[in-house]
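Chemist: final08.cif is reproduced below (mmCIF, C-alpha atoms).
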data_run
#
loop_
_atom_site.label_atom_id
_atom_site.label_comp_id
_atom_site.auth_asym_id
_atom_site.auth_seq_id
_atom_site.Cartn_x
_atom_site.Cartn_y
_atom_site.Cartn_z
CA MET A 1 -2.40 14.96 -14.41
CA PRO A 2 -3.97 14.11 -11.10
CA HIS A 3 -1.10 11.83 -10.18
CA GLU A 4 1.22 13.96 -8.12
CA GLY A 5 4.28 11.76 -8.25
CA SER A 6 3.84 9.17 -5.54
CA SER A 7 7.37 8.39 -4.48
CA PHE A 8 8.57 4.98 -3.42
CA PRO A 9 9.78 6.11 0.03
CA ALA A 10 6.55 8.03 0.69
CA ALA A 11 4.44 4.95 -0.01
CA VAL A 12 6.69 2.71 2.09
CA TRP A 13 6.63 5.24 4.93
CA ALA A 14 2.82 5.49 4.76
CA ILE A 15 2.48 1.70 4.90
CA LEU A 16 4.95 1.44 7.79
CA ARG A 17 3.02 4.08 9.76
CA LYS A 18 -0.24 2.32 8.97
CA GLU A 19 1.15 -1.00 10.21
CA CYS A 20 2.51 0.56 13.42
CA ARG A 21 -0.76 2.35 14.16
CA SER A 22 -2.77 -0.77 13.42
CA GLU A 23 -0.57 -2.91 15.70
CA TRP A 24 -0.69 -0.28 18.44
CA ARG A 25 -4.49 -0.20 18.35
CA THR A 26 -5.18 -3.90 17.98
CA ARG A 27 -2.10 -5.39 19.74
CA TYR A 28 -2.63 -8.21 17.27
CA GLY A 29 0.82 -9.73 17.60
CA LEU A 30 2.87 -7.83 20.15
CA ASN A 31 1.14 -8.95 23.34
CA ALA A 32 1.06 -12.61 22.32
CA ALA A 33 4.70 -12.55 21.20
CA LEU A 34 5.91 -10.89 24.39
CA LEU A 35 3.79 -13.20 26.53
CA PHE A 36 5.29 -16.23 24.82
CA ALA A 37 8.86 -14.96 25.09
CA VAL A 38 8.66 -13.91 28.74
CA THR A 39 6.74 -16.95 30.00
CA SER A 40 8.87 -19.48 28.14
CA LEU A 41 12.11 -17.88 29.33
CA THR A 42 10.85 -17.64 32.91
CA GLY A 43 9.63 -21.24 32.79
CA VAL A 44 12.96 -22.55 31.49
CA SER A 45 14.84 -20.47 34.01
CA PHE A 46 12.78 -21.86 36.92
CA ALA A 47 13.13 -25.41 35.65
CA ILE A 48 16.86 -25.60 34.94
CA GLY A 49 18.38 -22.44 36.41
CA ARG A 50 21.35 -20.72 34.81
CA LEU A 51 22.98 -22.17 31.73
CA SER A 52 26.09 -20.03 31.47
CA ASP A 53 28.33 -23.06 30.91
CA ARG A 54 26.22 -24.51 28.07
CA SER A 55 26.81 -22.27 25.06
CA ASP A 56 25.13 -24.77 22.71
CA VAL A 57 21.86 -24.84 24.68
CA LEU A 58 21.98 -21.08 25.25
CA ALA A 59 22.26 -20.31 21.54
CA ALA A 60 19.53 -22.74 20.50
CA LEU A 61 17.16 -21.58 23.26
CA LEU A 62 17.63 -17.90 22.40
CA TRP A 63 16.84 -18.34 18.71
CA VAL A 64 14.00 -20.81 19.25
CA VAL A 65 12.31 -18.38 21.65
CA LEU A 66 12.76 -15.49 19.20
CA LEU A 67 11.54 -17.59 16.28
CA PHE A 68 8.40 -18.85 17.97
CA ALA A 69 7.60 -15.51 19.59
CA SER A 70 7.76 -13.59 16.33
CA LEU A 71 6.77 -16.04 13.63
CA ALA A 72 3.01 -15.99 14.16
CA SER A 73 2.89 -12.25 13.67
CA LEU A 74 5.51 -12.03 10.91
CA SER A 75 3.76 -14.64 8.81
CA HIS A 76 0.40 -12.89 9.22
CA ALA A 77 1.43 -9.51 7.85
CA PHE A 78 -0.33 -10.20 4.54
CA VAL A 79 -2.88 -12.73 5.76
CA ARG A 80 -4.46 -10.01 7.93
CA GLU A 81 -5.02 -7.93 4.77
CA VAL A 82 -6.62 -10.87 2.96
CA GLU A 83 -8.83 -11.90 5.87
CA GLY A 84 -9.83 -8.30 6.58
CA HIS A 85 -10.57 -7.82 2.83
CA THR A 86 -8.33 -4.74 2.80
CA LEU A 87 -5.81 -6.02 0.26
CA THR A 88 -7.68 -4.40 -2.65
CA PHE A 89 -7.60 -1.03 -0.89
CA LEU A 90 -3.89 -1.47 -0.24
CA ARG A 91 -3.18 -2.50 -3.84
CA LEU A 92 -4.98 0.58 -5.11
CA VAL A 93 -2.72 2.95 -3.17
CA ALA A 94 0.67 1.24 -3.48
CA SER A 95 2.56 -1.20 -5.68
CA PRO A 96 3.16 -4.77 -4.46
CA THR A 97 6.84 -3.95 -3.90
CA GLN A 98 6.02 -0.83 -1.88
CA ILE A 99 3.54 -2.86 0.19
CA ALA A 100 6.03 -5.66 0.79
CA ILE A 101 8.91 -3.34 1.70
CA GLY A 102 6.64 -1.41 4.09
CA LYS A 103 5.62 -4.66 5.74
CA LEU A 104 9.21 -5.91 5.82
CA VAL A 105 10.36 -2.76 7.63
CA PHE A 106 7.45 -3.16 10.05
CA ASN A 107 8.38 -6.81 10.65
CA LEU A 108 11.96 -5.74 11.37
CA LEU A 109 10.72 -3.15 13.85
CA PHE A 110 8.40 -5.72 15.42
CA LEU A 111 11.26 -8.18 15.77
CA GLY A 112 13.42 -5.40 17.23
CA VAL A 113 10.82 -4.65 19.91
CA ILE A 114 10.51 -8.34 20.78
CA GLU A 115 14.30 -8.61 21.04
CA LEU A 116 14.56 -5.45 23.11
CA VAL A 117 12.52 -7.18 25.80
CA THR A 118 13.53 -10.80 25.27
CA VAL A 119 17.31 -10.62 24.83
CA PRO A 120 18.16 -8.64 28.01
CA LEU A 121 15.77 -10.86 29.98
CA PHE A 122 17.42 -13.94 28.48
CA LEU A 123 20.92 -12.72 29.31
CA VAL A 124 19.96 -11.95 32.91
CA LEU A 125 17.96 -15.11 33.58
CA MET A 126 20.55 -17.40 32.00
CA GLY A 127 23.49 -15.57 33.54
CA ALA A 128 25.30 -15.46 30.23
CA PRO A 129 26.45 -12.01 29.10
CA PRO A 130 27.92 -11.96 25.58
CA VAL A 131 31.67 -12.49 25.34
CA HIS A 132 31.95 -9.97 22.50
CA TRP A 133 29.07 -7.50 22.37
CA GLY A 134 29.86 -6.34 18.85
CA GLU A 135 29.76 -9.83 17.38
CA PHE A 136 26.70 -10.73 19.42
CA LEU A 137 24.80 -7.65 18.20
CA ALA A 138 25.91 -8.27 14.61
CA LEU A 139 24.59 -11.83 14.78
CA MET A 140 21.31 -10.69 16.34
CA THR A 141 20.86 -7.95 13.73
CA LEU A 142 21.70 -10.04 10.67
CA GLY A 143 19.74 -13.04 11.96
CA SER A 144 16.72 -10.78 12.51
CA VAL A 145 16.98 -9.24 9.04
CA ALA A 146 17.18 -12.70 7.43
CA LEU A 147 14.31 -13.98 9.57
CA ALA A 148 12.07 -10.99 8.80
CA THR A 149 12.93 -11.03 5.08
CA SER A 150 12.17 -14.73 4.65
CA SER A 151 8.95 -14.56 6.71
CA THR A 152 7.73 -11.51 4.78
CA LEU A 153 8.46 -13.14 1.45
CA VAL A 154 6.72 -16.40 2.33
CA GLY A 155 3.83 -14.51 3.98
CA ALA A 156 3.29 -12.51 0.78
CA VAL A 157 3.42 -15.56 -1.47
CA ILE A 158 1.03 -17.72 0.55
CA SER A 159 -1.40 -14.96 1.59
CA GLN A 160 -3.99 -15.69 -1.07
CA THR A 161 -3.71 -19.46 -1.08
CA ARG A 162 -6.00 -21.96 0.59
CA GLY A 163 -4.50 -23.83 3.53
CA ARG A 164 -1.99 -21.05 4.00
CA GLY A 165 -1.11 -22.16 7.55
CA ALA A 166 0.22 -25.51 6.40
CA LEU A 167 1.75 -23.93 3.32
CA PHE A 168 3.62 -21.35 5.39
CA ALA A 169 5.24 -24.09 7.45
CA GLY A 170 6.15 -26.10 4.37
CA VAL A 171 7.53 -23.22 2.33
CA SER A 172 9.27 -21.34 5.13
CA PHE A 173 11.06 -24.37 6.62
CA PRO A 174 13.77 -24.63 3.92
CA LEU A 175 14.16 -20.84 3.89
CA LEU A 176 14.41 -20.48 7.66
CA LEU A 177 16.69 -23.46 8.25
CA PRO A 178 19.90 -21.78 6.97
CA VAL A 179 19.06 -18.65 8.99
CA LEU A 180 18.56 -20.61 12.20
CA ALA A 181 21.58 -22.85 11.61
CA ALA A 182 23.93 -19.92 10.99
CA ALA A 183 22.48 -17.79 13.79
CA VAL A 184 22.62 -20.60 16.37
CA SER A 185 26.10 -21.64 15.29
CA GLY A 186 27.41 -18.08 15.39
CA THR A 187 25.80 -17.26 18.73
CA LYS A 188 27.17 -20.49 20.23
CA SER A 189 30.68 -19.72 18.93
CA GLN A 190 30.44 -16.20 20.35
CA TRP A 191 29.65 -17.57 23.83
CA ALA A 192 32.42 -20.14 23.47
CA GLY A 193 34.87 -17.37 22.56
CA ASN A 194 35.46 -18.71 19.04
CA PRO A 195 35.54 -16.60 15.83
CA VAL A 196 32.14 -15.92 14.23
CA SER A 197 33.08 -14.10 11.03
CA ALA A 198 32.02 -17.03 8.83
CA GLU A 199 28.52 -17.06 10.31
CA ILE A 200 28.23 -13.28 10.08
CA ARG A 201 29.20 -13.39 6.39
CA LEU A 202 26.77 -16.23 5.74
CA LEU A 203 23.87 -14.42 7.43
CA ALA A 204 24.66 -11.19 5.60
CA ALA A 205 24.89 -12.93 2.22
CA TYR A 206 21.69 -14.87 2.87
CA ALA A 207 19.79 -11.76 3.92
CA VAL A 208 20.95 -9.89 0.80
CA ALA A 209 20.06 -12.84 -1.46
CA LEU A 210 16.60 -13.17 0.09
CA PHE A 211 15.99 -9.45 -0.22
CA ALA A 212 17.07 -9.45 -3.87
CA ALA A 213 14.84 -12.43 -4.63
CA SER A 214 11.97 -10.67 -2.87
CA LEU A 215 12.37 -7.56 -5.01
CA LEU A 216 12.19 -9.69 -8.14
CA LEU A 217 9.08 -11.53 -6.95
CA TYR A 218 6.94 -8.88 -5.28
CA ASP A 219 5.75 -7.10 -8.43
CA HIS A 220 4.34 -10.38 -9.75
CA LEU A 221 2.24 -11.11 -6.67
CA TRP A 222 -1.56 -11.04 -6.70
CA GLU A 223 -2.02 -10.65 -10.44
CA ASP A 224 -4.57 -13.47 -10.70
CA MET B 225 -20.14 20.51 -3.48
CA THR B 226 -18.37 22.11 -6.42
CA VAL B 227 -14.92 20.89 -7.22
CA PRO B 228 -12.27 23.53 -7.93
CA ALA B 229 -11.51 23.90 -11.64
CA THR B 230 -7.86 23.04 -11.07
CA ALA B 231 -8.87 19.73 -9.58
CA ILE B 232 -10.85 18.54 -12.54
CA ALA B 233 -8.60 19.46 -15.44
CA ALA B 234 -7.86 16.32 -17.43
CA GLY B 235 -6.79 15.31 -20.88
CA HIS B 236 -8.19 12.94 -23.46
CA VAL B 237 -8.79 9.42 -22.20
CA THR B 238 -9.24 6.27 -24.27
CA LEU B 239 -10.01 2.81 -22.98
CA THR B 240 -10.07 -0.17 -25.33
CA ALA B 241 -10.45 -3.91 -24.90
CA LYS B 242 -9.46 -6.46 -27.51
CA GLY B 243 -10.37 -10.14 -27.27
CA LEU B 244 -10.76 -9.73 -23.54
CA GLN B 245 -11.93 -12.71 -21.52
CA HIS B 246 -11.26 -14.26 -18.17
CA ARG B 247 -11.60 -17.69 -16.60
CA TYR B 248 -11.40 -18.64 -12.95
CA ALA B 249 -10.41 -22.25 -12.29
CA GLY B 250 -12.33 -23.67 -15.21
CA HIS B 251 -15.28 -21.29 -14.96
CA ARG B 252 -16.10 -18.33 -17.10
CA GLY B 253 -15.61 -15.01 -15.30
CA LEU B 254 -15.89 -12.86 -18.40
CA ASP B 255 -16.91 -13.94 -21.87
CA PRO B 256 -15.07 -12.35 -24.80
CA VAL B 257 -15.71 -8.64 -25.04
CA GLU B 258 -14.31 -5.80 -27.12
CA PHE B 259 -14.90 -2.07 -26.83
CA ASP B 260 -13.37 1.25 -27.69
CA LEU B 261 -14.30 4.06 -25.33
CA ASP B 262 -13.12 7.59 -24.98
CA GLY B 263 -13.66 10.28 -22.45
CA PRO B 264 -14.83 12.53 -21.06
CA GLY B 265 -18.21 10.94 -20.56
CA VAL B 266 -20.12 8.18 -18.84
CA VAL B 267 -20.25 4.55 -19.94
CA ALA B 268 -22.46 1.91 -18.34
CA VAL B 269 -21.33 -1.72 -18.22
CA VAL B 270 -24.46 -3.84 -18.03
CA GLY B 271 -25.20 -7.53 -17.90
CA ALA B 272 -26.78 -10.26 -15.82
CA ASN B 273 -25.45 -11.30 -12.42
CA GLY B 274 -22.18 -13.12 -12.94
CA SER B 275 -21.71 -11.84 -16.47
CA GLY B 276 -18.35 -10.34 -15.50
CA LYS B 277 -19.00 -6.66 -14.80
CA SER B 278 -16.88 -6.65 -11.66
CA THR B 279 -14.25 -8.82 -13.31
CA LEU B 280 -14.05 -6.36 -16.21
CA LEU B 281 -13.57 -3.41 -13.86
CA ARG B 282 -10.89 -5.27 -11.88
CA ILE B 283 -9.02 -5.99 -15.12
CA VAL B 284 -9.26 -2.35 -16.25
CA ALA B 285 -8.06 -1.19 -12.81
CA GLY B 286 -4.99 -3.40 -13.11
CA LEU B 287 -6.05 -5.58 -10.18
CA LEU B 288 -6.51 -8.72 -12.25
CA ARG B 289 -4.60 -10.11 -15.22
CA PRO B 290 -7.01 -11.40 -17.87
CA SER B 291 -6.75 -14.97 -19.17
CA HIS B 292 -6.89 -13.69 -22.77
CA GLY B 293 -6.76 -10.37 -24.53
CA ALA B 294 -5.86 -7.01 -23.13
CA THR B 295 -7.15 -3.58 -22.21
CA THR B 296 -5.36 -0.42 -23.22
CA LEU B 297 -5.69 2.85 -21.34
CA THR B 298 -4.23 6.01 -22.83
CA LEU B 299 -4.09 9.48 -21.32
CA ASP B 300 -3.35 12.25 -23.80
CA GLY B 301 -2.04 9.60 -26.19
CA ARG B 302 0.29 8.05 -23.62
CA GLU B 303 -0.37 4.42 -22.80
CA VAL B 304 -0.66 3.54 -19.11
CA PRO B 305 0.41 -0.06 -18.36
CA PRO B 306 -1.77 -2.02 -15.91
CA PRO B 307 0.67 -1.81 -12.96
CA ASP B 308 0.63 2.01 -13.15
CA ARG B 309 -3.12 2.41 -13.59
CA ARG B 310 -3.80 2.82 -9.89
CA HIS B 311 -2.32 6.34 -10.19
CA HIS B 312 -4.91 7.32 -12.80
CA ILE B 313 -7.94 5.27 -11.86
CA GLY B 314 -10.42 5.71 -9.04
CA TYR B 315 -12.04 2.40 -8.15
CA ALA B 316 -15.06 1.79 -5.94
CA ALA B 317 -16.56 -1.68 -5.62
CA PRO B 318 -18.38 -3.72 -2.99
CA GLU B 319 -15.19 -5.76 -2.39
CA LEU B 320 -13.34 -2.62 -1.30
CA GLN B 321 -13.00 -2.66 2.47
CA PHE B 322 -11.21 -0.32 4.84
CA TYR B 323 -9.28 -0.68 8.08
CA VAL B 324 -11.89 -0.97 10.80
CA GLU B 325 -9.48 0.09 13.52
CA PHE B 326 -9.01 3.46 11.78
CA SER B 327 -11.38 6.36 11.41
CA VAL B 328 -12.89 7.39 8.08
CA ALA B 329 -10.39 10.25 7.73
CA GLU B 330 -7.44 8.10 8.82
CA ASN B 331 -8.22 5.54 6.11
CA LEU B 332 -8.32 8.22 3.42
CA ARG B 333 -5.30 10.01 4.83
CA PHE B 334 -3.33 6.77 4.63
CA ALA B 335 -4.40 6.40 1.00
CA ALA B 336 -3.47 10.02 0.25
CA GLU B 337 -0.04 9.66 1.84
CA ALA B 338 0.68 6.34 0.14
CA ARG B 339 -0.30 7.91 -3.18
CA GLY B 340 2.04 10.80 -2.47
CA LEU B 341 -0.66 13.45 -2.80
CA ALA B 342 0.37 17.00 -2.01
CA GLY B 343 -1.83 18.31 0.81
CA PRO B 344 -3.33 15.02 1.97
CA ASP B 345 -5.58 16.67 4.58
CA ALA B 346 -7.16 18.95 1.99
CA ALA B 347 -7.62 16.04 -0.42
CA VAL B 348 -9.33 13.99 2.30
CA ALA B 349 -11.56 16.87 3.36
CA LEU B 350 -12.61 17.55 -0.24
CA ALA B 351 -13.36 13.89 -1.01
CA LEU B 352 -15.40 13.47 2.18
CA ALA B 353 -17.32 16.68 1.55
CA ARG B 354 -18.19 15.57 -1.99
CA VAL B 355 -19.89 12.41 -0.71
CA GLY B 356 -21.44 14.13 2.33
CA LEU B 357 -19.33 12.21 4.82
CA ASP B 358 -17.40 15.14 6.29
CA SER B 359 -19.37 15.07 9.54
CA ARG B 360 -18.34 11.42 10.07
CA ALA B 361 -14.62 11.93 9.41
CA GLY B 362 -13.63 11.02 12.97
CA ASP B 363 -15.83 7.92 13.23
CA ARG B 364 -14.30 4.48 13.06
CA VAL B 365 -15.17 2.58 9.90
CA ASP B 366 -16.85 -0.23 11.82
CA ALA B 367 -19.31 2.32 13.22
CA LEU B 368 -20.56 3.24 9.73
CA SER B 369 -23.74 1.94 8.15
CA SER B 370 -23.61 0.11 4.81
CA GLY B 371 -24.63 3.28 3.01
CA MET B 372 -21.95 5.31 4.75
CA LYS B 373 -19.34 2.71 3.84
CA GLN B 374 -20.48 2.97 0.24
CA ARG B 375 -19.97 6.73 0.38
CA LEU B 376 -16.50 6.11 1.78
CA ARG B 377 -15.70 3.83 -1.17
CA ILE B 378 -16.73 6.58 -3.56
CA ALA B 379 -14.69 9.15 -1.59
CA SER B 380 -11.69 6.86 -1.81
CA ALA B 381 -12.10 6.65 -5.59
CA LEU B 382 -12.31 10.45 -5.88
CA LEU B 383 -9.43 11.18 -3.49
CA HIS B 384 -6.64 11.57 -6.03
CA ARG B 385 -8.85 13.20 -8.68
CA PRO B 386 -8.27 10.47 -11.27
CA PRO B 387 -9.10 10.90 -14.96
CA VAL B 388 -10.86 7.51 -14.98
CA LEU B 389 -13.49 6.50 -12.42
CA LEU B 390 -14.59 2.86 -12.21
CA LEU B 391 -17.72 2.54 -10.08
CA ASP B 392 -19.05 -0.96 -9.49
CA GLU B 393 -22.62 -1.04 -8.16
CA ALA B 394 -22.01 2.50 -6.97
CA GLY B 395 -25.59 3.10 -5.86
CA SER B 396 -25.87 0.02 -3.67
CA HIS B 397 -26.90 0.73 -0.06
CA LEU B 398 -27.34 4.44 -0.81
CA ASP B 399 -30.46 6.28 0.31
CA GLU B 400 -32.20 8.80 -1.94
CA GLU B 401 -29.94 11.63 -0.82
CA GLY B 402 -26.91 9.45 -1.45
CA ARG B 403 -28.13 8.52 -4.91
CA LEU B 404 -28.70 12.16 -5.80
CA SER B 405 -25.23 12.96 -4.52
CA LEU B 406 -23.79 10.10 -6.61
CA GLU B 407 -25.60 11.33 -9.72
CA SER B 408 -24.26 14.81 -9.13
CA ILE B 409 -20.69 13.48 -8.72
CA VAL B 410 -20.97 11.37 -11.87
CA ALA B 411 -22.30 14.32 -13.86
CA GLU B 412 -19.53 16.57 -12.54
CA GLU B 413 -16.77 14.05 -13.22
CA ALA B 414 -18.12 13.23 -16.66
CA ARG B 415 -17.51 16.80 -17.79
CA THR B 416 -13.78 16.18 -17.82
CA HIS B 417 -13.20 12.52 -16.98
CA LEU B 418 -14.22 9.05 -18.13
CA VAL B 419 -16.68 7.44 -15.73
CA VAL B 420 -17.46 3.72 -16.08
CA LEU B 421 -20.48 2.47 -14.14
CA ALA B 422 -21.01 -1.27 -13.72
CA THR B 423 -24.64 -1.58 -12.79
CA ASN B 424 -27.98 -3.27 -13.21
CA GLU B 425 -29.86 -0.19 -12.03
CA PRO B 426 -31.88 1.47 -14.82
CA ARG B 427 -31.54 4.76 -12.94
CA GLU B 428 -27.75 4.55 -13.26
CA TRP B 429 -27.95 3.45 -16.92
CA SER B 430 -29.70 6.67 -17.65
CA LEU B 431 -26.60 8.62 -16.60
CA ALA B 432 -24.58 6.98 -19.35
CA ALA B 433 -24.29 8.03 -22.97
CA ARG B 434 -22.94 4.61 -23.97
CA ARG B 435 -23.32 1.04 -22.82
CA VAL B 436 -21.07 -2.00 -22.91
CA GLU B 437 -23.30 -5.05 -22.73
CA LEU B 438 -21.86 -8.27 -21.35
CA SER B 439 -23.62 -11.32 -22.64
CA GLY B 440 -21.94 -14.06 -20.65
CA ARG B 441 -23.61 -16.03 -17.89
CA GLY B 442 -20.42 -15.97 -15.86
CA LEU B 443 -19.35 -17.95 -12.83
CA GLY B 444 -21.01 -21.24 -12.27
CA HIS B 445 -20.99 -22.02 -15.97
CA PRO B 446 -18.18 -24.28 -17.11
CA ALA B 447 -15.65 -22.78 -19.50
#
Could you rewrite the structure in this file as structure tokens?

Modeler:
Amino acid sequence: MPHEGSSFPAAVWAILRKECRSEWRTRYGLNAALLFAVTSLTGVSFAIGRLSDRSDVLAALLWVVLLFASLASLSHAFVREVEGHTLTFLRLVASPTQIAIGKLVFNLLFLGVIELVTVPLFLVLMGAPPVHWGEFLALMTLGSVALATSSTLVGAVISQTRGRGALFAGVSFPLLLPVLAAAVSGTKSQWAGNPVSAEIRLLAAYAVALFAASLLLYDHLWED
Amino acid sequence: MTVPATAIAAGHVTLTAKGLQHRYAGHRGLDPVEFDLDGPGVVAVVGANGSGKSTLLRIVAGLLRPSHGATTLTLDGREVPPPDRRHHIGYAAPELQFYVEFSVAENLRFAAEARGLAGPDAAVALALARVGLDSRAGDRVDALSSGMKQRLRIASALLHRPPVLLLDEAGSHLDEEGRLSLESIVAEEARTHLVVLATNEPREWSLAARRVELSGRGLGHPA
């Protein structure tokens, strides 16, 4: 048989490398996301100075900046394939689930790079180092996983629809709201020195549930 | 370019369609069609513009779920369900586009790696040599002419040495040398594999021992 046993990890790895190389060459999302994050943080910092005594504003600002900086690129992971007419090529070399997992891992990496620049800058400009680094990092990680998983799922579902921009906003809002609410609440509690285990559990459970739902859905995408 | 004997060994292939038809949003994409094909050999799918040739090939490739009916692909008596067909089918069609930010070889190497081919570099080199595109391996796809892109589509279909080749308008944009190369590839593949050509070109019909004629008038005509 000509088929030489394409393995799931090999296909996911190939798609991840393809996404990274494509982003590196085109800078489709990274430059715009970093520009948004850095300019908005700098602008807020100049306007209102340090906010170390306002844990509620700090938490909301951090997650709003991350959300807006990353969402345009995360939601376009599949749209780029449709608009570039490369989705057929992709579907011929990998299953929908392999494609989606590869793109999800790329979105996580993308979000990680954005956070690597944005979060330290945020902490310095706002003068608000985390009270408990472990809890802060756990909230950032789980919030990012939930954010990337929901954006990838919605991006895949709406990629071949008309009016996908409006549809993305409409479909992703109810999915993103619990992520944002738990992440903001947990981050605020962390800065206030309160326990955050409930928010961490909620984010972890939500990320797992979204990922499981994604696995069930992906193989039924793009059949018509 | 002669393909190594080990690369072209394949078993018995059958491809059947029963009560197959497809509709897009109230329009006919493919009128009911039935056939029973077996390979090796060449089959031409012919019909007027919009009769559903491309739709038929997309259904066979597992890229589209038909509104009614089904196709069955068997390899050595083992049925291959539509989601797994991409492992066993090489597909080249005008809709197939590549990543313009990558070179010709990078596009095929990505495909080879995603397919899990052993020796992806050798597979890419062989596929490019077969279509006469080896000298352009390092060029970006957006620097290729229409004819060169067509050769790349064919190379992509040949990459994993599939037992079934689906070639939709395979000769489009090709110059005389490209057409001769295509005819040579089809003849070579047909010795051991099933090659399905969707075409309106009499020159390509002549390569086929059998024809599947689509009678529908296709899109634009209400269901």

Chemist: Which residues are near Leu217 of chain A? Cut-off 10 Å, only C-alpha atoms, ignore same chain within fewer than 4 positions. Put them as a list in words.

Modeler: Pro96, Thr97, Leu153, Ala156, Val157, Phe211, Ala212, Ala213 and Leu221 of chain A

Chemist: So how many Å separate atom CA of Gly263 of chain B and atom CA of Ala342 of chain B, to one decimal?

Modeler: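 Here the two named atoms are 25.7 Å from each other.
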
Chemist: Show me, as number ranges by chain, the residues that have an atom within 6 Å of segment 288-294 of chain B when counting all atoms listed in the file, minus same-chain residues fewer than 2 positions from it.

Modeler: A: 223-224; B: 241-246, 282-283, 286

Chemist: Give me the result of the PyMOL selection byres ((chain B) within 9 of (chain A)) on this file, residue by residue, as a PyMOL selection string.

Modeler: chain B and resi 231-235+248+285-291+299+307-315+319-326+334-342+380+384-387

Chemist: Translate the PyMOL selection byres ((chain A and resi 109-123) around 7) into a concrete residue list for this structure, as a list in words.

Modeler: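 Answer for the PyMOL selection byres ((chain A and resi 109-123) around 7): Leu34, Ala37, Val38, Leu41, Ser70, Val105, Phe106, Asn107, Leu108, Val124, Leu125, Met126, Gly127, Ala128, Pro129 and Ser144 of chain A.
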
Chemist: Should you be able to, write segment 372-412 of chain B of this structure into a file that contains C-alpha atoms, as a compact mmCIF listing (two decimals), in the first residue's frame.

Modeler:
# COMPACT_ATOMS: atom_id res chain seq x y z
CA MET B 372 3.72 25.37 -13.60
CA LYS B 373 1.06 25.51 -10.90
CA GLN B 374 -0.84 22.84 -12.78
CA ARG B 375 2.26 20.66 -12.79
CA LEU B 376 2.56 21.24 -9.05
CA ARG B 377 -1.03 20.05 -8.57
CA ILE B 378 -0.21 16.86 -10.44
CA ALA B 379 3.01 16.41 -8.43
CA SER B 380 1.00 16.81 -5.24
CA ALA B 381 -1.40 14.08 -6.39
CA LEU B 382 1.50 11.73 -7.19
CA LEU B 383 3.47 12.45 -4.02
CA HIS B 384 2.26 9.54 -1.89
CA ARG B 385 2.03 7.10 -4.82
CA PRO B 386 -1.72 6.50 -4.40
CA PRO B 387 -3.54 3.59 -6.03
CA VAL B 388 -6.27 5.96 -7.26
CA LEU B 389 -5.55 9.19 -9.13
CA LEU B 390 -8.35 11.72 -9.64
CA LEU B 391 -7.33 14.35 -12.18
CA ASP B 392 -9.79 17.15 -12.85
CA GLU B 393 -9.03 19.13 -16.02
CA ALA B 394 -5.48 17.87 -15.68
CA GLY B 395 -4.31 19.29 -19.01
CA SER B 396 -5.49 22.84 -18.39
CA HIS B 397 -2.77 25.50 -18.74
CA LEU B 398 -0.22 22.90 -19.84
CA ASP B 399 1.95 23.49 -22.90
CA GLU B 400 2.67 20.73 -25.40
CA GLU B 401 5.59 19.40 -23.38
CA GLY B 402 3.44 19.41 -20.26
CA ARG B 403 0.64 17.56 -22.04
CA LEU B 404 3.06 14.91 -23.29
CA SER B 405 4.43 14.58 -19.78
CA LEU B 406 0.88 14.23 -18.41
CA GLU B 407 0.05 11.56 -20.98
CA SER B 408 3.19 9.68 -20.05
CA ILE B 409 2.33 9.87 -16.32
CA VAL B 410 -1.24 8.70 -16.95
CA ALA B 411 -0.02 5.78 -19.06
CA GLU B 412 2.55 4.83 -16.43
